[in-house]
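S.K.: Sharing a structure below in structure tokens format, with a few things to ask.
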Amino acid sequence: MLGAGLIRLWGATLAPDWIDLRGERVAGPAPGPCIFAFWHSAILTLTYFYRSRGFVVLISRHDDGEYISQMICRLGYGVVRGSSTRGGLRALMEMTRAGRHGHGLGVTPDGPRGPRRVLQMGILHIAQRSGLPIRPVAAEAVRRTELASWDRFQIAHPWSRVVLVSGDPIVIPEDAGTEELESVWGPRISDALGACSERAALWRGQRIGAR
């Protein structure tokens, strides 16, 4: 498929730095199954760098979802179709099943339609029922275009340097009730995603300032 080929060609020009929240270099995505959580704006960069690792991702049932699903599969991902508004319960169950079977998962907790950087509860239920920890991640490019879309979708320019920031894993207690998920664990995941995004933005600012 043309889209997958273009992503491979584009991504091959990027120069990645993998770091943790302390700014220390890491080898790449953390080993072992987990749920990688990231804001929707960074989905293109992370789709390239997390490809061909057996992750299962959630793709919406909106009109463009079928094309995206085919493209994602060609990049080495498994796909579950659904969202918070269409096919949500079935998708949650399928993602949970994939996690229990040892697959890493990828979820954009503010997708597919926003609001921007507002966490939806689905990721917490998947984590709780699958037993997988949530690991927040973020990405930034020194040179990029930010679209005027709801998520401020980011496209790294070819041959740009990019950073991929991974936070510490967070385990959602199996016995946490709905109120605790909403009042305690939702904000904690949002804060962790924010910390990764801030670290990535700091990295970008330092490199722009050094030019």
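Each chain in the structure tokens gets a letter, A, B, ..., in the order shown, and its residues are numbered from 1; ligands are numbered from 1 in order too.
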Write out as a PyMOL selection string which residues come within 9 Å of Ala12 of chain A when counting only C-alpha atoms, dropping same-chain ones fewer than 6 positions away.
M.R.: chain A and resi 48+158-159
S.K.: Could you save the residues just selected, with C-alpha atoms, as a PDB file, in the first residue's frame?
M.R.:
ATOM      1  CA  TYR A  48       6.861   4.740  12.339  1.00  0.00           C
ATOM      2  CA  PRO A 158      12.222  14.861   6.477  1.00  0.00           C
ATOM      3  CA  TRP A 159      15.797  14.667   7.844  1.00  0.00           C
TER       4      TRP A 159
END
S.K.: List the spatial neighbours of Leu193 of chain A as a ChimeraX atom specification - criterion: any atom at most 8 Å away, only C-alpha atoms, same-chain residues fewer than 5 positions off excluded.
M.R.: /A:37-39,136-138,167
S.K.: Enumerate the residues of segment 161-209 of chain A with a DSSP assignment of strand (DSSP E), computed from the backbone, and present them as a ChimeraX atom specification.
M.R.: /A:161-166
S.K.: Show which residues sit within 9 Å of Arg53 of chain A, as a PyMOL selection string. Count only C-alpha atoms, and ignore same-chain residues fewer than 3 positions away.
M.R.: chain A and resi 50+76-77+104
S.K.: Restricting the calculation to only C-alpha atoms, which member of A:Gly23, A:Gly28, A:Gly3, A:Gly102 is positioned closest to Glu198 of chain A?
M.R.: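 For Glu198 of chain A, the nearest of the given residues is A:Gly23.
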S.K.: Residues of segment 135-209 of chain A that have any atom at most 10 Å from an atom of segment 31-35 of chain A: could you tabulate them with the shortest-distance atom pair and the distance in Å to one decimal, using only C-alpha atoms, ordered by chain and increasing number, as a Markdown table?
M.R.:
| residue | atom | partner | partner_atom | distance |
| --- | --- | --- | --- | --- |
| A:Arg135 | CA | A:Ile35 | CA | 5.9 |
| A:Pro136 | CA | A:Ile35 | CA | 8.2 |
| A:Pro169 | CA | A:Cys34 | CA | 8.0 |
| A:Ile170 | CA | A:Cys34 | CA | 9.5 |
| A:Val171 | CA | A:Cys34 | CA | 9.6 |
S.K.: Would you mind listing, for every residue of segment 43-145 of chain A within 10 Å of segment 16-22 of chain A, the two atoms forming the shortest contact and the distance between them in Å to one decimal, using only C-alpha atoms, sorted by chain and ascending residue number, as JSON lines?
M.R.:
{"residue": "A:Phe49", "atom": "CA", "partner": "A:Pro16", "partner_atom": "CA", "distance": 8.7}
{"residue": "A:Val137", "atom": "CA", "partner": "A:Asp20", "partner_atom": "CA", "distance": 9.1}
{"residue": "A:Ala139", "atom": "CA", "partner": "A:Trp18", "partner_atom": "CA", "distance": 9.4}
{"residue": "A:Glu140", "atom": "CA", "partner": "A:Pro16", "partner_atom": "CA", "distance": 9.8}
{"residue": "A:Ala141", "atom": "CA", "partner": "A:Pro16", "partner_atom": "CA", "distance": 8.9}
S.K.: Given the choices A:Trp203, A:Trp150, A:Phe55, A:Tyr67, which gets closest to Pro29 of chain A if the distance is worked out from only C-alpha atoms?
M.R.: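 Checking each candidate against Pro29 of chain A, we get A:Phe55 as the closest.
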S.K.: Excluding segment 117-128 of chain A and its own-chain neighbours fewer than 5 positions away, which residues fall within 6 Å of it when counting only C-alpha atoms? Please give them as a ChimeraX atom specification.
M.R.: /A:96,109-110,172,174
S.K.: Identify, with DSSP run on backbone atoms, the residues in chain A assigned to alpha helix (DSSP H), and express the list as a VMD selection string.
M.R.: chain A and resid 2 to 11 43 to 49 65 to 74 88 to 100 122 to 130 178 to 180 186 to 209
S.K.: Just the number, please: distance in Å from atom CA of Ile72 of chain A to atom CA of Ile7 of chain A, one decimal.
M.R.: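 Computing it gives 10.2 Å between the two atoms.
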S.K.: Do a neighbour search on Arg143 of chain A at 10 Å with only C-alpha atoms, toss out local chain neighbours closer than 6 positions, and write the hits as a PyMOL selection string.
M.R.: chain A and resi 155-162+204+208
S.K.: Find the distance between atom CA of Phe36 of chain A and atom CA of Gly106 of chain A and write it in Å to one decimal.
M.R.: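 Answer for the atom CA of Phe36 of chain A to atom CA of Gly106 of chain A separation: 4.8 Å.
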